[in-house]
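J.: Dropping a structure here in structure tokens format, bear with me for questions.
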Amino acid sequence: MTVPALALAPRAPRRSAALSWRRLVRSPNLLVGFAVLVLVVGCAGFARELAPYSPIDQVFTDQLKPPSAAHLFGTDEFGRDIFSRCLYGARIALVVGVIADGIAMLLGVVLGTVAGYFGGRADAAVMRVVDVMLAFPYLLLAMIVVAILGPSLTNAMIAIGIVYTPQFARVVRGAVLAIREQEFVEAAGAVGARAPRILARHVLPNVLSPIIVMATLTVGFTIVETAGLSFLGLGASPPTPEWGSMLATGRSYMLTAPWIATFPGLSILVTVVGFNLVGDGLRDLLDPRLRGRGF
Amino acid sequence: MTQAIRRRWVSLVVAAALVPVGISAVGQAQAQAPKTLVIAIGADQTGLDPQTVENNESGFIMSTIFDSIVNYKPGSSIVGPGLAQSWTISPDGRTYTFKLRPGVTFHDGTPMNAHTVAEDVDRAINPNNPCYVLGRKGVDTYDDFTFGSAKDGTVAKMDVVDDSTLRFTLPKPNAPFITSLAMVWQGIMSPAATKQYNCDASQHPVGTGPFKFVEAVRNDHVTVDANAGYWGGRPKVDRIIFQVVPESATRMLQLERNQVQILADVPPSDYARVRGNPQLKLYTQPGLTILGVSMSNDLGPFKDVRVRQAMNYAVDKDAINKGLYGGATTASQGVPPVLWGFNKAVTPYPYDPAKAKQLLAEAGFPNGFTTDMMVYANPRGYNPIGGAKLGEAVQGYLAKVGVTVKITQYEWGAYLDKIRHTQWEGMAISGWSGDNGDPDNFLGDLFEWDEAAGKARTNNNSRHHNPAFDRLIVQARQVTDQAKRAQLYEQANKILHDDAPWIFINYTNQVRATRANVRGFLLNPLQMFFHMELVSLQ
């Protein structure tokens, strides 16, 4: 063959059409989810301006007040304003959710790419570890990690990040396996490009869409799991206004002051639904093949 | 017919045959209508052999199955007759002679007399006994607390004088001995049962008490049936079921629906709910308890007594006790006011943040400091809202005088290990429920320095060390006259207040709830379900 090899190695195909504004607007899931996220991010960003009270000041004379004009969501057993605590809680939930998700994504992409691209022993080793991790219930695995690192919000984020790594690794490996066999990758190798370059220029850009979809969908889960850890006393330490720990303390007042647990619970619900709607919408847009496949 | 179909047919026939049996069983039950009392407890028992457990839930159940040599009188922590009808104490306070009740048998038919009681107590004091409790691994026991231990030569000597007379001789006078004997942890087990179950009858308990053990289903329930021949009179209910219900809200709903008749624990947030319901009754009694925040007396800023006093001034204990504890009594010293030895002249540190700041400045911390606090989540008898909530409330107040507190929560087992066995620095939620109704059980256990061992006693987790205080505690143990002992304890309490080893928070009330038709129920300061033979259902 005399055809220059370079010509056979096209740049990574762009999916500009997939992200067109028109398609975006036509997806109601995406729009609603996006609106919810804007609201949550707004609450988090402007918590200081929006909150009528300090989230941590205890006022025993205002104890266990039901929702009213003065206290929109009522007060807890320490007389703290639950509305203010929910607003500040959004900040923590977002930061924690996104960072934990980021950790999972970073680790998962590295492991998945190594396994998928290099195959052989590396693949076998990585994927067996991943299988073992997947065999554990998420929360149990996270609790083990926190037990080793010590209970704190930072360690909870790390724990959740580690727990969700296998899922990213699996998805990325699968995508990389498919891309690896494509002619343009083969061609790049034929013209002498080394593995790092091939991965960075040809493989990763092509597996980006499943990663984005996965990342968006997982944020919801990481928020719930971190709240779960805090609920068990393994995450945020008091008086941090964290939704999970608010739920935990509110639990003992379910019969007498249900608003203490209800509003942080609703906050978690709304945020997670927001992320999931956006994730679903993005999946439909970017990667129709993944449709209907639950994580 | 294939094998599978045939099997199905067989099972159908068997089931049909069983139906009439089931119906007749139901019919019988309705005819007799046994009076069953259900008591909801928050956690399962860990064993029902009195000498080998220390856990409250085990105690609740054992207090219906066992008698001790002496028992607490109904509704009090005063010692009265038990298996012994009467007793004498020698003038030097070292010899205790008990006259045992005639004609009593254990639930398994073994006669109760000086020989059988001695055989059971022998496990507590004789290292050569094959079932020696203190030599066993993995058991919690009050045996050395009550009888002393053979290891350090403080153990009591026991003699069977005759069939109905039992004598204990102590190496030195120990006034709390008689009250300790009455504890549920010194209930007398049938020696035949101990033998039958190879030293461990903890899941097959056999006592002499008002109720006989029937069955225990792990994490579900324990059933005991009335002992018709009980020496104290036949119980007025036929059966008691201790139902394990971990969630407090669930327990409350079950009480409201009459699925249970007594709640062993009621969180303060539910007091109003019970009071507002005419079908229910709330029982409260000043508790034989103390609750506070322990400070590391020998490490960090807390080495300075002024800092420890400042912490006591900085926290609004009255607000916390009213707001979170449903009105507990604010603490001022090492024993609750229901116990003799309480010093009435000593009053709680008032809430005075300015004074706290001034003391901190004098101690060299004008801008405050940062410290750690260890907490646990679960409620305790002396702390019905759990350690984490109290920690959070205290943290809020200390922040106002410039002290930043970082809270770490531990699981209960890990927590105990941490505060008892490590040189921790900072603060930790501490509390105590009285074991035997003697002030020594508070002041000695919680605040005494063991001079012989050169370290704090196990539960003196703040590592409080004041020789003047220790001298009074030792002295009070050697006198038998209660009035004299009370005086010594009052002096010790004054010293303790000034030393401020803890932030003294409160003496929690003991609170239980029942259906209104439960009659004859009496709270006991020791929290156990003593004298349940007196309880009836109307």
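Each chain in the structure tokens gets a letter, A, B, ..., in the order shown, and its residues are numbered from 1; ligands are numbered from 1 in order too.
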Give me, as a tab-separated table, the closest atom pair and its distance (Å, one decimal) for every residue of range 262-282 of chain A within a cut-off of 12 Å of range 186-210 of chain A, counting only C-alpha atoms, rows sorted by chain and rising number.
T.:
```
residue	atom	partner	partner_atom	distance
A:Gly279	CA	A:Pro210	CA	10.5
A:Asp280	CA	A:Pro210	CA	11.5
A:Leu282	CA	A:Ser209	CA	8.7
```
J.: Tell me, counting only C-alpha atoms, for each residue of chain B within 8 Å of chain A, which pair of atoms is nearest and how far apart they are in Å to one decimal, in rows ordered by chain and increasing number, as a tab-separated table.
T.:
```
residue	atom	partner	partner_atom	distance
B:Ser248	CA	A:Ser252	CA	7.0
B:Ala249	CA	A:Leu255	CA	6.6
B:Ser269	CA	A:Tyr253	CA	6.6
B:Asp270	CA	A:Thr256	CA	7.0
B:Arg273	CA	A:Thr256	CA	7.6
B:Ala319	CA	A:Phe60	CA	6.5
B:Ile320	CA	A:Phe60	CA	7.5
B:Gly323	CA	A:Phe60	CA	6.2
B:Leu324	CA	A:Glu77	CA	7.0
B:Ala377	CA	A:Gly233	CA	7.8
B:Glu392	CA	A:Pro238	CA	6.1
B:Ala393	CA	A:Phe78	CA	7.2
B:Gly396	CA	A:Gln58	CA	6.6
B:Lys406	CA	A:Ser237	CA	7.8
B:Ile407	CA	A:Ser237	CA	6.1
B:Thr408	CA	A:Ser237	CA	6.6
B:Gln409	CA	A:Gly233	CA	6.4
```
J.: Please identify which residues in range 203-389 of chain B DSSP calls helix (DSSP H, G or I) from the backbone, and express them as a ChimeraX atom specification.
T.: /B:248-256,268-275,300-303,305-314,317-323,353-362,387-389
J.: List as a list of chain:residue names the protein and nucleic acid residues near Val184 in chain B, meaning an atom at most 10 Å away when only C-alpha atoms are counted, but skip any in the same chain fewer than 6 places from it.
T.: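 With the cut-off at 10 Å, the set is B:Pro50, B:Gln51, B:Glu54, B:Ser58, B:Gly59, B:Phe60, B:Ile61, B:Met62, B:Ser63, B:Thr64, B:Ile65, B:Phe66, B:Asp67, B:Ser68, B:Asn71, B:Tyr72, B:Tyr142, B:Asp435, B:Asn436, B:Leu526, B:Met528, B:Phe529, B:Phe530.
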J.: If we count only C-alpha atoms and set the cut-off at 8 Å, which residues sit around range 66-70 of chain A, ignoring sequence neighbours fewer than 4 positions away in its own chain? Please answer as a PDB file with all heavy atoms, in the first residue's frame.
T.:
```pdb
ATOM      1  N   GLY A  74     -39.409  25.634  59.916  1.00  0.00           N
ATOM      2  CA  GLY A  74     -39.434  25.303  61.334  1.00  0.00           C
ATOM      3  C   GLY A  74     -38.037  25.327  61.948  1.00  0.00           C
ATOM      4  O   GLY A  74     -37.069  25.727  61.300  1.00  0.00           O
ATOM      5  N   THR A  75     -37.945  24.901  63.226  1.00  0.00           N
ATOM      6  CA  THR A  75     -36.647  24.860  63.896  1.00  0.00           C
ATOM      7  C   THR A  75     -36.417  23.467  64.463  1.00  0.00           C
ATOM      8  O   THR A  75     -37.349  22.705  64.649  1.00  0.00           O
ATOM      9  CB  THR A  75     -36.579  25.876  65.062  1.00  0.00           C
ATOM     10  OG1 THR A  75     -37.568  25.497  66.030  1.00  0.00           O
ATOM     11  CG2 THR A  75     -36.826  27.280  64.613  1.00  0.00           C
ATOM     12  N   ALA A 257     -41.999  16.243  65.845  1.00  0.00           N
ATOM     13  CA  ALA A 257     -41.605  17.395  65.031  1.00  0.00           C
ATOM     14  C   ALA A 257     -41.094  16.900  63.685  1.00  0.00           C
ATOM     15  O   ALA A 257     -39.906  16.961  63.389  1.00  0.00           O
ATOM     16  CB  ALA A 257     -40.522  18.207  65.751  1.00  0.00           C
ATOM     17  N   TRP A 259     -40.986  17.968  60.801  1.00  0.00           N
ATOM     18  CA  TRP A 259     -40.345  18.875  59.842  1.00  0.00           C
ATOM     19  C   TRP A 259     -38.815  18.815  59.927  1.00  0.00           C
ATOM     20  O   TRP A 259     -38.133  19.121  58.960  1.00  0.00           O
ATOM     21  CB  TRP A 259     -40.841  20.312  60.047  1.00  0.00           C
ATOM     22  CG  TRP A 259     -40.712  20.805  61.462  1.00  0.00           C
ATOM     23  CD1 TRP A 259     -39.619  21.415  62.009  1.00  0.00           C
ATOM     24  CD2 TRP A 259     -41.690  20.711  62.492  1.00  0.00           C
ATOM     25  NE1 TRP A 259     -39.855  21.703  63.323  1.00  0.00           N
ATOM     26  CE2 TRP A 259     -41.113  21.293  63.651  1.00  0.00           C
ATOM     27  CE3 TRP A 259     -42.980  20.208  62.552  1.00  0.00           C
ATOM     28  CZ2 TRP A 259     -41.790  21.371  64.868  1.00  0.00           C
ATOM     29  CZ3 TRP A 259     -43.652  20.294  63.769  1.00  0.00           C
ATOM     30  CH2 TRP A 259     -43.068  20.858  64.902  1.00  0.00           C
TER      31      TRP A 259
END
```
J.: Tell me which of A:Leu229, A:Met127, A:Val273, A:Ile103 sits closest to Met143 in chain A, counting only C-alpha atoms.
T.: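 That would be A:Leu229, the residue with the smallest distance to Met143 in chain A.
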J.: Could you pull out all residues of range 83-168 of chain B with a DSSP call of strand (DSSP E) and give them as a PyMOL selection string?
T.: chain B and resi 84-89+95-100+157-162+165-168
J.: Please identify every residue of range 200-280 of chain B that has at least one atom no farther than 12 Å from an atom of range 116-130 of chain B, counting only C-alpha atoms, and for each give the shortest atom pair and the distance in Å to one decimal, arranged by chain then increasing number, as a Markdown table.
T.:
```
| residue | atom | partner | partner_atom | distance |
| --- | --- | --- | --- | --- |
| B:Asp200 | CA | B:Pro130 | CA | 11.3 |
| B:Ala201 | CA | B:Asp120 | CA | 11.9 |
| B:Val206 | CA | B:Asp120 | CA | 11.6 |
| B:Gly207 | CA | B:Val117 | CA | 10.8 |
| B:Thr208 | CA | B:Val117 | CA | 11.0 |
```
J.: Those selected residues, please, written with N, CA and C atoms and delivered as a PDB file, in the first residue's frame.
T.:
```
ATOM      1  N   ASP B 200     -22.183 -22.279  81.675  1.00  0.00           N
ATOM      2  CA  ASP B 200     -22.755 -21.135  80.975  1.00  0.00           C
ATOM      3  C   ASP B 200     -24.257 -21.317  80.751  1.00  0.00           C
ATOM      4  N   ALA B 201     -25.037 -20.961  81.752  1.00  0.00           N
ATOM      5  CA  ALA B 201     -26.493 -21.072  81.632  1.00  0.00           C
ATOM      6  C   ALA B 201     -27.090 -19.743  81.198  1.00  0.00           C
ATOM      7  N   VAL B 206     -32.039 -20.120  85.383  1.00  0.00           N
ATOM      8  CA  VAL B 206     -32.930 -20.720  86.369  1.00  0.00           C
ATOM      9  C   VAL B 206     -32.703 -20.018  87.706  1.00  0.00           C
ATOM     10  N   GLY B 207     -33.710 -19.286  88.153  1.00  0.00           N
ATOM     11  CA  GLY B 207     -33.582 -18.576  89.421  1.00  0.00           C
ATOM     12  C   GLY B 207     -34.650 -19.004  90.394  1.00  0.00           C
ATOM     13  N   THR B 208     -34.958 -18.119  91.359  1.00  0.00           N
ATOM     14  CA  THR B 208     -36.035 -18.378  92.310  1.00  0.00           C
ATOM     15  C   THR B 208     -37.109 -17.307  92.204  1.00  0.00           C
TER      16      THR B 208
END
```
J.: Report as a list in words all protein, DNA and RNA residues lying within 9 Å of Ala500 in chain B, evaluated on only C-alpha atoms, omitting residues in the same chain fewer than 6 positions from it.
T.: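 Residues meeting the cut-off are Met295, Val305, Arg306, Arg308, Gln309, Met311, Asn312 and Gln333 of chain B.
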J.: Please produce a file of the residues just selected, as an mmCIF file, in the first residue's frame, where the atoms kept are all heavy atoms.
T.:
```cif
data_model
loop_
_atom_site.group_PDB
_atom_site.id
_atom_site.type_symbol
_atom_site.label_atom_id
_atom_site.label_comp_id
_atom_site.auth_asym_id
_atom_site.auth_seq_id
_atom_site.Cartn_x
_atom_site.Cartn_y
_atom_site.Cartn_z
ATOM 1 N N MET B 295 -13.357 16.107 81.290
ATOM 2 C CA MET B 295 -12.227 16.812 80.677
ATOM 3 C C MET B 295 -10.939 16.123 81.095
ATOM 4 O O MET B 295 -10.856 15.590 82.202
ATOM 5 C CB MET B 295 -12.217 18.272 81.136
ATOM 6 C CG MET B 295 -13.424 19.062 80.668
ATOM 7 S SD MET B 295 -13.485 20.741 81.326
ATOM 8 C CE MET B 295 -14.393 20.500 82.851
ATOM 9 N N VAL B 305 -7.184 24.179 86.742
ATOM 10 C CA VAL B 305 -8.532 24.090 87.311
ATOM 11 C C VAL B 305 -9.390 25.284 86.893
ATOM 12 O O VAL B 305 -10.608 25.169 86.747
ATOM 13 C CB VAL B 305 -8.474 23.932 88.847
ATOM 14 C CG1 VAL B 305 -7.904 25.191 89.490
ATOM 15 C CG2 VAL B 305 -9.845 23.601 89.417
ATOM 16 N N ARG B 306 -8.747 26.449 86.639
ATOM 17 C CA ARG B 306 -9.520 27.632 86.229
ATOM 18 C C ARG B 306 -10.173 27.399 84.868
ATOM 19 O O ARG B 306 -11.292 27.833 84.615
ATOM 20 C CB ARG B 306 -8.600 28.861 86.165
ATOM 21 C CG ARG B 306 -8.198 29.365 87.537
ATOM 22 C CD ARG B 306 -7.130 30.418 87.436
ATOM 23 N NE ARG B 306 -5.905 29.872 86.860
ATOM 24 C CZ ARG B 306 -4.743 30.532 86.808
ATOM 25 N NH1 ARG B 306 -4.650 31.779 87.264
ATOM 26 N NH2 ARG B 306 -3.676 29.966 86.292
ATOM 27 N N ARG B 308 -11.120 24.481 83.733
ATOM 28 C CA ARG B 308 -12.231 23.536 83.925
ATOM 29 C C ARG B 308 -13.442 24.252 84.537
ATOM 30 O O ARG B 308 -14.585 23.991 84.165
ATOM 31 C CB ARG B 308 -11.781 22.377 84.830
ATOM 32 C CG ARG B 308 -10.586 21.605 84.265
ATOM 33 C CD ARG B 308 -10.462 20.239 84.898
ATOM 34 N NE ARG B 308 -10.272 20.265 86.335
ATOM 35 C CZ ARG B 308 -9.093 20.185 86.954
ATOM 36 N NH1 ARG B 308 -7.980 20.094 86.226
ATOM 37 N NH2 ARG B 308 -9.007 20.197 88.266
ATOM 38 N N GLN B 309 -13.158 25.173 85.463
ATOM 39 C CA GLN B 309 -14.274 25.932 86.037
ATOM 40 C C GLN B 309 -14.902 26.835 84.970
ATOM 41 O O GLN B 309 -16.129 26.963 84.902
ATOM 42 C CB GLN B 309 -13.779 26.766 87.223
ATOM 43 C CG GLN B 309 -13.445 25.909 88.435
ATOM 44 C CD GLN B 309 -12.783 26.692 89.560
ATOM 45 O OE1 GLN B 309 -12.251 27.785 89.332
ATOM 46 N NE2 GLN B 309 -12.793 26.132 90.762
ATOM 47 N N MET B 311 -15.193 26.287 81.860
ATOM 48 C CA MET B 311 -16.076 25.471 81.013
ATOM 49 C C MET B 311 -17.441 25.306 81.691
ATOM 50 O O MET B 311 -18.481 25.332 81.050
ATOM 51 C CB MET B 311 -15.463 24.088 80.750
ATOM 52 C CG MET B 311 -14.115 24.073 80.054
ATOM 53 S SD MET B 311 -14.146 24.770 78.395
ATOM 54 C CE MET B 311 -13.486 26.393 78.704
ATOM 55 N N ASN B 312 -17.417 25.129 83.018
ATOM 56 C CA ASN B 312 -18.664 24.971 83.764
ATOM 57 C C ASN B 312 -19.507 26.249 83.751
ATOM 58 O O ASN B 312 -20.726 26.188 83.704
ATOM 59 C CB ASN B 312 -18.370 24.560 85.211
ATOM 60 C CG ASN B 312 -18.250 23.052 85.358
ATOM 61 O OD1 ASN B 312 -19.238 22.339 85.353
ATOM 62 N ND2 ASN B 312 -17.019 22.560 85.455
ATOM 63 N N GLN B 333 -22.448 18.332 91.641
ATOM 64 C CA GLN B 333 -21.438 17.519 92.320
ATOM 65 C C GLN B 333 -21.517 16.081 91.840
ATOM 66 O O GLN B 333 -22.237 15.785 90.888
ATOM 67 C CB GLN B 333 -21.662 17.610 93.834
ATOM 68 C CG GLN B 333 -23.093 17.297 94.225
ATOM 69 C CD GLN B 333 -23.425 17.728 95.654
ATOM 70 O OE1 GLN B 333 -22.902 17.160 96.588
ATOM 71 N NE2 GLN B 333 -24.276 18.732 95.793
#
```
J.: Rounded to one decimal, what separation in Å do you get between CA of Asp143 in chain B and CA of Val70 in chain B?
T.: 15.5 Å
J.: Just the residues within 8 Å of Val403 in chain B, please, counting only C-alpha atoms, with nothing from its chain fewer than 3 positions along; format it as number ranges by chain.
T.: B: 368-371, 398-400
J.: If you keep C-alpha atoms, can you produce a file of those selected residues as a JSON list (two decimals), in the first residue's frame?
T.:
```json
[["chain", "number", "residue", "atom", "x", "y", "z"],
["B", 368, "GLY", "CA", -9.72, 30.60, 73.86],
["B", 369, "PHE", "CA", -8.33, 27.41, 72.31],
["B", 370, "THR", "CA", -9.26, 24.47, 70.11],
["B", 371, "THR", "CA", -9.94, 21.03, 71.54],
["B", 398, "LEU", "CA", -18.23, 26.94, 74.24],
["B", 399, "ALA", "CA", -17.91, 28.63, 70.84],
["B", 400, "LYS", "CA", -19.31, 31.77, 72.49]]
```
J.: Just the number, please: distance in Å from CA of Gly274 in chain A to CA of Val38 in chain A, one decimal.
T.: 9.2 Å
J.: Quick one: distance from CA of Pro52 in chain A to CA of Ser84 in chain A in Å, one decimal?
T.: 6.4 Å
